[in-house]
Number of protein chains: 12
Amino acid sequence: MTDPVYKKIELVGTSSTSFSEAAASAIAKAGQTVRNMSWFEVVEQRGHIADGKVQQYQVTVSIGFRVE
Amino acid sequence: MTDPVYKKIELVGTSSTSFSEAAASAIAKAGQTVRNMSWFEVVEQRGHIADGKVQQYQVTVSIGFRVE
Amino acid sequence: MTDPVYKKIELVGTSSTSFSEAAASAIAKAGQTVRNMSWFEVVEQRGHIADGKVQQYQVTVSIGFRVE
Amino acid sequence: MTDPVYKKIELVGTSSTSFSEAAASAIAKAGQTVRNMSWFEVVEQRGHIADGKVQQYQVTVSIGFRVE
Amino acid sequence: MTDPVYKKIELVGTSSTSFSEAAASAIAKAGQTVRNMSWFEVVEQRGHIADGKVQQYQVTVSIGFRVE
Amino acid sequence: MTDPVYKKIELVGTSSTSFSEAAASAIAKAGQTVRNMSWFEVVEQRGHIADGKVQQYQVTVSIGFRVE
Amino acid sequence: MTDPVYKKIELVGTSSTSFSEAAASAIAKAGQTVRNMSWFEVVEQRGHIADGKVQQYQVTVSIGFRVE
Amino acid sequence: MTDPVYKKIELVGTSSTSFSEAAASAIAKAGQTVRNMSWFEVVEQRGHIADGKVQQYQVTVSIGFRVE
Amino acid sequence: MTDPVYKKIELVGTSSTSFSEAAASAIAKAGQTVRNMSWFEVVEQRGHIADGKVQQYQVTVSIGFRVE
Amino acid sequence: MTDPVYKKIELVGTSSTSFSEAAASAIAKAGQTVRNMSWFEVVEQRGHIADGKVQQYQVTVSIGFRVE
Amino acid sequence: MTDPVYKKIELVGTSSTSFSEAAASAIAKAGQTVRNMSWFEVVEQRGHIADGKVQQYQVTVSIGFRVE
Amino acid sequence: MTDPVYKKIELVGTSSTSFSEAAASAIAKAGQTVRNMSWFEVVEQRGHIADGKVQQYQVTVSIGFRVE
């Protein structure tokens, strides 16, 4: 059977700047150990507050990559 | 019956920069053919990955506009 | 019983720039009257359209803070 | 292949009276341009408030009709 | 063990008038064979369309009653 | 920062007549203490049954109002 | 009141072949004791694995039938 | 066709002690009239409050059993 | 702005054979009037029952295609 | 209009022992400032981990109380 | 503590034939590296379209296996 | 980029006693191979029934830990 199969893993990226940066941070980290990453889906968006201000944007992403 | 009625359509905007830009891209495209657009709702956020980095932010939006 | 208890309130922040700014706007406003804010969760993302363009990004956030 | 196929479109009907009237308003409007409408599903119920009272009931409906 | 236990059953009521009447119709029907009905929850709202107009409001309700 | 911020609160209105009346009842009650109410969203529809008939329609609404 | 009322029951059908067969199996079984079955909705799709292969497809269906 | 078929029924168990006891209570009650019960799923967890304290834990469970 | 934009439409395909065929039927029908179709998502699976057997598999699909 | 109206507030209770205790903790805390509490619904269950063990059970509850 | 513990992983299987084959493809692939697989749950069903026809059925499955 | 990144894995813990014990069992097992575990979220609660009684409580948890 030669139909491609993909695996999905879930990571939480963080950023002090924006949700888009937090997502990018998670994908960059995953890229250190995973090859063939193809797409991601945003699962959840949260954040940490300190001193009455947003201190950290947090984005949970599900990342898909082809299994060799 | 003169109560206003709205229609909703679903588009997927893309951007290499951010989720906010991707949403804006979809609305700008819809504005080429649809009049009276009033609001949008984010339905899904995904993205394309290439070479271990986010290459494209994708935002699915549902756009509401008044039916004349 | 001394286990900490948190309360959650829901606000909608707005911004002409981005979803991240809209979320930050809601938290900053809440900070004027609420102490001990600790985290937030994005509940919904919408926006207002005028003249065929995004005029306002809107983010509904649920904010958690410790009850004293 | 002669198996029937249906299309679904989403409209928001409004009424100053009730949710049922708001749904009926959306279907009546759609009937001006769409033929063979067969069923609808309620997707969301909202409303506009003014002067501390419900001014408008809003019902988002998904309408199914046979594609000829 | 004498803590009360409840059972829930799901019915779809219909009405040519309104969603509220459709829900009431389902409960009235259930009352012909079930005793001790205590509450209901609206699970889904749909409807049948004919000749471009709402012909039937349909409400799926989950009905709870105490098991003797 | 002068972008408007809204707060959302959740109430359950009741009525012996219809879901629309139950929603209106919750908004009217909220209007006694809250100013600048702008919109509401239906979160849940339930009801109380007695003697085999609907005795009370219950509608949970989330009400949005501008924070001054 | 003569508006039709339907009841919904939930069954899990199984098949070693496909999801479609599993759904059909549940409906066939229900037909041994229930009359006037009219429609079904797929609620969940699962399966049993043995020796590293799918051994059984499982489909949970909600079946609607008219109450006489 | 001899593939096994299961039926699912929904009950609400109650307990003054814990959620786990409330679930167990519903299953024990069902066991008085249903044979071949195999598994349960928690659908909802609620509770009754009186005098400012939890008086009753309530757990809605969906119970699966093989149809003979 | 040259970032690609996609539109999504919702169709219900039907088949007397299987869910997979019902989905394929909807896409084939859409292909008669829509160009550049790229992907689809299964939104709902239902079916029609007659004489105690599955008579028709129904699959609601959301189809994405690039807007030129 | 004398139909009762209820308000719902969301709290997160914590406990080192169990989910049931965490829920009870949130209700007890709310009872210090809120009167007429009538019911609660479990919205989310989470927990804090330290040294490879559950250190804190966290339960988010929505509490309903009658508005006077 | 000897109570069994299971791990769940998420894979996307593909097939040019049917959803059931796509699910089976993912499980077969997982079986090359994972032992003690016990069950799977369908999380999402999608597909790729080319030349106006379904070219690939895609099924995301969550696979459970006992941790030794 | 030094913003922390977390990974989430999903396990199913079991216990003959309670849901809280089942969750604790999954975290304890994960702690044998995973470092820096920080939080968990309850995804699903089920159980096994035998001889008409709850034999096993099952809790699916998503566990978050910092990626080094």
# chains A, B, ... in the order shown; residues from 1 in each chain; ligands from 1
>>> residues_around(residues="D:Asn36", least_positions_apart="4", cutoff="12 Å", atoms="only C-alpha atoms", output="PyMOL selection string")
(chain D and resi 5-8+27+30-32+63-68) or (chain E and resi 48-53)
>>> write_last_selection(atoms="N, CA and C atoms", output="PDB file, in the first residue's frame")
ATOM      1  N   VAL D   5     -28.628  15.867  -5.773  1.00  0.00           N
ATOM      2  CA  VAL D   5     -27.632  16.638  -5.023  1.00  0.00           C
ATOM      3  C   VAL D   5     -28.299  17.928  -4.556  1.00  0.00           C
ATOM      4  N   TYR D   6     -28.010  18.338  -3.324  1.00  0.00           N
ATOM      5  CA  TYR D   6     -28.594  19.536  -2.744  1.00  0.00           C
ATOM      6  C   TYR D   6     -27.494  20.559  -2.429  1.00  0.00           C
ATOM      7  N   LYS D   7     -27.844  21.832  -2.496  1.00  0.00           N
ATOM      8  CA  LYS D   7     -26.916  22.871  -2.078  1.00  0.00           C
ATOM      9  C   LYS D   7     -27.466  23.539  -0.819  1.00  0.00           C
ATOM     10  N   LYS D   8     -26.572  24.013   0.032  1.00  0.00           N
ATOM     11  CA  LYS D   8     -27.000  24.702   1.244  1.00  0.00           C
ATOM     12  C   LYS D   8     -26.442  26.124   1.257  1.00  0.00           C
ATOM     13  N   ILE D  27     -36.318  32.622   5.005  1.00  0.00           N
ATOM     14  CA  ILE D  27     -36.749  31.656   3.983  1.00  0.00           C
ATOM     15  C   ILE D  27     -37.575  32.357   2.892  1.00  0.00           C
ATOM     16  N   ALA D  30     -35.191  34.179   0.585  1.00  0.00           N
ATOM     17  CA  ALA D  30     -34.457  33.257  -0.283  1.00  0.00           C
ATOM     18  C   ALA D  30     -35.354  32.756  -1.413  1.00  0.00           C
ATOM     19  N   GLY D  31     -36.640  32.597  -1.106  1.00  0.00           N
ATOM     20  CA  GLY D  31     -37.578  32.071  -2.094  1.00  0.00           C
ATOM     21  C   GLY D  31     -37.765  32.985  -3.295  1.00  0.00           C
ATOM     22  N   GLN D  32     -37.298  34.224  -3.185  1.00  0.00           N
ATOM     23  CA  GLN D  32     -37.413  35.158  -4.319  1.00  0.00           C
ATOM     24  C   GLN D  32     -36.444  34.797  -5.441  1.00  0.00           C
ATOM     25  N   ILE D  63     -30.176  26.838   4.544  1.00  0.00           N
ATOM     26  CA  ILE D  63     -31.303  26.389   3.715  1.00  0.00           C
ATOM     27  C   ILE D  63     -30.823  25.400   2.654  1.00  0.00           C
ATOM     28  N   GLY D  64     -31.494  24.257   2.556  1.00  0.00           N
ATOM     29  CA  GLY D  64     -31.129  23.253   1.556  1.00  0.00           C
ATOM     30  C   GLY D  64     -32.107  23.218   0.401  1.00  0.00           C
ATOM     31  N   PHE D  65     -31.573  23.165  -0.827  1.00  0.00           N
ATOM     32  CA  PHE D  65     -32.459  23.080  -2.005  1.00  0.00           C
ATOM     33  C   PHE D  65     -31.826  22.174  -3.057  1.00  0.00           C
ATOM     34  N   ARG D  66     -32.645  21.484  -3.808  1.00  0.00           N
ATOM     35  CA  ARG D  66     -32.159  20.539  -4.813  1.00  0.00           C
ATOM     36  C   ARG D  66     -31.540  21.254  -5.997  1.00  0.00           C
ATOM     37  N   VAL D  67     -30.355  20.800  -6.397  1.00  0.00           N
ATOM     38  CA  VAL D  67     -29.672  21.364  -7.559  1.00  0.00           C
ATOM     39  C   VAL D  67     -30.188  20.653  -8.801  1.00  0.00           C
ATOM     40  N   GLU D  68     -30.642  21.435  -9.738  1.00  0.00           N
ATOM     41  CA  GLU D  68     -31.216  20.818 -10.954  1.00  0.00           C
ATOM     42  C   GLU D  68     -30.150  20.447 -11.978  1.00  0.00           C
TER      43      GLU D  68
ATOM     44  N   HIS E  48     -39.286  22.263   7.669  1.00  0.00           N
ATOM     45  CA  HIS E  48     -39.578  21.824   6.312  1.00  0.00           C
ATOM     46  C   HIS E  48     -40.087  23.030   5.526  1.00  0.00           C
ATOM     47  N   ILE E  49     -39.617  23.144   4.271  1.00  0.00           N
ATOM     48  CA  ILE E  49     -40.024  24.251   3.396  1.00  0.00           C
ATOM     49  C   ILE E  49     -40.804  23.696   2.210  1.00  0.00           C
ATOM     50  N   ALA E  50     -41.900  24.345   1.863  1.00  0.00           N
ATOM     51  CA  ALA E  50     -42.666  23.971   0.665  1.00  0.00           C
ATOM     52  C   ALA E  50     -43.208  25.240   0.024  1.00  0.00           C
ATOM     53  N   ASP E  51     -43.166  25.293  -1.276  1.00  0.00           N
ATOM     54  CA  ASP E  51     -43.647  26.473  -1.996  1.00  0.00           C
ATOM     55  C   ASP E  51     -42.974  27.751  -1.499  1.00  0.00           C
ATOM     56  N   GLY E  52     -41.692  27.636  -1.151  1.00  0.00           N
ATOM     57  CA  GLY E  52     -40.933  28.818  -0.758  1.00  0.00           C
ATOM     58  C   GLY E  52     -41.280  29.392   0.607  1.00  0.00           C
ATOM     59  N   LYS E  53     -41.991  28.620   1.419  1.00  0.00           N
ATOM     60  CA  LYS E  53     -42.359  29.114   2.756  1.00  0.00           C
ATOM     61  C   LYS E  53     -42.140  28.035   3.804  1.00  0.00           C
TER      62      LYS E  53
END
>>> interface_residues(of="chain D", to="chain F", cutoff="12 Å", atoms="only C-alpha atoms", output="list in words")
Ser15, Ser16, Thr17, Ser18, Phe19, Ser20, Glu21, Ala22, Val42, Val43, Glu44, Gln45, Arg46, Gly47, His48, Ile49, Ala50, Asp51, Gly52, Lys53, Val54, Gln55, Gln56, Tyr57, Gln58, Val59 and Thr60 of chain D
>>> calpha_fit_and_write(fixed="chain B", moving="chain L", output="tab-separated table (two decimals) with C-alpha atoms, in the first residue's frame")
chain	number	residue	atom	x	y	z
L	1	MET	CA	-42.18	42.15	5.03
L	2	THR	CA	-39.39	44.73	5.32
L	3	ASP	CA	-37.16	43.25	8.03
L	4	PRO	CA	-33.59	43.15	6.66
L	5	VAL	CA	-32.12	39.79	5.58
L	6	TYR	CA	-28.40	39.01	5.36
L	7	LYS	CA	-26.49	36.32	3.46
L	8	LYS	CA	-23.30	34.69	4.67
L	9	ILE	CA	-20.53	33.32	2.43
L	10	GLU	CA	-17.35	31.53	3.41
L	11	LEU	CA	-13.89	32.42	2.07
L	12	VAL	CA	-10.33	31.44	2.91
L	13	GLY	CA	-7.82	34.28	2.83
L	14	THR	CA	-4.05	33.76	2.83
L	15	SER	CA	-1.03	35.82	3.82
L	16	SER	CA	2.68	35.26	4.33
L	17	THR	CA	2.63	37.75	7.23
L	18	SER	CA	-0.12	37.17	9.83
L	19	PHE	CA	-3.60	35.82	10.56
L	20	SER	CA	-5.01	39.36	10.59
L	21	GLU	CA	-3.65	40.01	7.08
L	22	ALA	CA	-5.07	36.71	5.82
L	23	ALA	CA	-8.54	37.67	7.06
L	24	ALA	CA	-8.23	41.12	5.50
L	25	SER	CA	-7.19	39.53	2.20
L	26	ALA	CA	-10.37	37.43	2.04
L	27	ILE	CA	-12.61	40.42	2.76
L	28	ALA	CA	-10.85	42.57	0.15
L	29	LYS	CA	-11.34	39.85	-2.48
L	30	ALA	CA	-15.02	39.45	-1.63
L	31	GLY	CA	-15.46	43.20	-1.93
L	32	GLN	CA	-14.73	42.97	-5.64
L	33	THR	CA	-18.07	41.26	-6.30
L	34	VAL	CA	-20.20	41.65	-3.13
L	35	ARG	CA	-21.79	44.88	-1.92
L	36	ASN	CA	-23.04	45.86	1.53
L	37	MET	CA	-20.60	43.64	3.48
L	38	SER	CA	-21.19	44.26	7.19
L	39	TRP	CA	-19.28	41.81	9.40
L	40	PHE	CA	-17.12	38.65	9.38
L	41	GLU	CA	-16.51	35.75	11.75
L	42	VAL	CA	-13.31	33.69	11.93
L	43	VAL	CA	-14.20	30.03	11.37
L	44	GLU	CA	-10.78	28.37	11.21
L	45	GLN	CA	-7.06	29.24	11.26
L	46	ARG	CA	-4.53	27.02	9.53
L	47	GLY	CA	-1.30	27.42	7.59
L	48	HIS	CA	1.13	25.92	5.11
L	49	ILE	CA	4.63	24.89	6.19
L	50	ALA	CA	7.64	24.60	3.91
L	51	ASP	CA	11.31	24.09	4.78
L	52	GLY	CA	10.35	23.91	8.47
L	53	LYS	CA	8.83	27.40	8.59
L	54	VAL	CA	5.36	28.96	8.28
L	55	GLN	CA	5.02	29.93	4.63
L	56	GLN	CA	1.37	30.92	4.56
L	57	TYR	CA	-1.22	31.87	7.19
L	58	GLN	CA	-4.76	30.79	6.20
L	59	VAL	CA	-7.96	32.14	7.77
L	60	THR	CA	-11.45	30.91	6.91
L	61	VAL	CA	-13.97	33.70	7.39
L	62	SER	CA	-17.76	33.78	7.15
L	63	ILE	CA	-18.79	37.15	5.69
L	64	GLY	CA	-22.26	38.68	6.22
L	65	PHE	CA	-23.82	41.18	3.82
L	66	ARG	CA	-27.30	42.63	3.47
L	67	VAL	CA	-29.45	41.16	0.69
L	68	GLU	CA	-31.09	43.91	-1.33
>>> select_by_dssp(residues="stretch 17-64 of chain J", states="alpha helix (DSSP H)", output="list of chain:residue names")
J:Phe19, J:Ser20, J:Glu21, J:Ala22, J:Ala23, J:Ala24, J:Ser25, J:Ala26, J:Ile27, J:Ala28, J:Lys29, J:Ala30
>>> write_last_selection(atoms="N, CA and C atoms", output="compact mmCIF listing (two decimals), in the first residue's frame")
# COMPACT_ATOMS: atom_id res chain seq x y z
N PHE J 19 -11.54 16.11 41.69
CA PHE J 19 -12.34 17.05 40.90
C PHE J 19 -13.59 17.48 41.68
N SER J 20 -14.19 16.55 42.40
CA SER J 20 -15.41 16.88 43.16
C SER J 20 -15.13 17.93 44.22
N GLU J 21 -13.99 17.81 44.89
CA GLU J 21 -13.60 18.79 45.91
C GLU J 21 -13.32 20.15 45.29
N ALA J 22 -12.69 20.14 44.12
CA ALA J 22 -12.38 21.40 43.44
C ALA J 22 -13.66 22.15 43.08
N ALA J 23 -14.67 21.42 42.62
CA ALA J 23 -15.95 22.05 42.29
C ALA J 23 -16.58 22.61 43.56
N ALA J 24 -16.57 21.80 44.62
CA ALA J 24 -17.15 22.25 45.89
C ALA J 24 -16.46 23.50 46.41
N SER J 25 -15.15 23.58 46.22
CA SER J 25 -14.38 24.73 46.69
C SER J 25 -14.83 26.02 46.00
N ALA J 26 -15.08 25.94 44.68
CA ALA J 26 -15.53 27.12 43.93
C ALA J 26 -16.90 27.58 44.42
N ILE J 27 -17.80 26.63 44.66
CA ILE J 27 -19.16 27.00 45.11
C ILE J 27 -19.11 27.62 46.51
N ALA J 28 -18.29 27.04 47.39
CA ALA J 28 -18.18 27.58 48.75
C ALA J 28 -17.67 29.02 48.72
N LYS J 29 -16.70 29.28 47.87
CA LYS J 29 -16.14 30.63 47.76
C LYS J 29 -17.21 31.61 47.24
N ALA J 30 -17.93 31.19 46.21
CA ALA J 30 -18.96 32.05 45.65
C ALA J 30 -20.03 32.37 46.69
>>> select_by_dssp(residues="chain I", states="strand (DSSP E)", output="PyMOL selection string")
chain I and resi 6-15+37-50+53-66
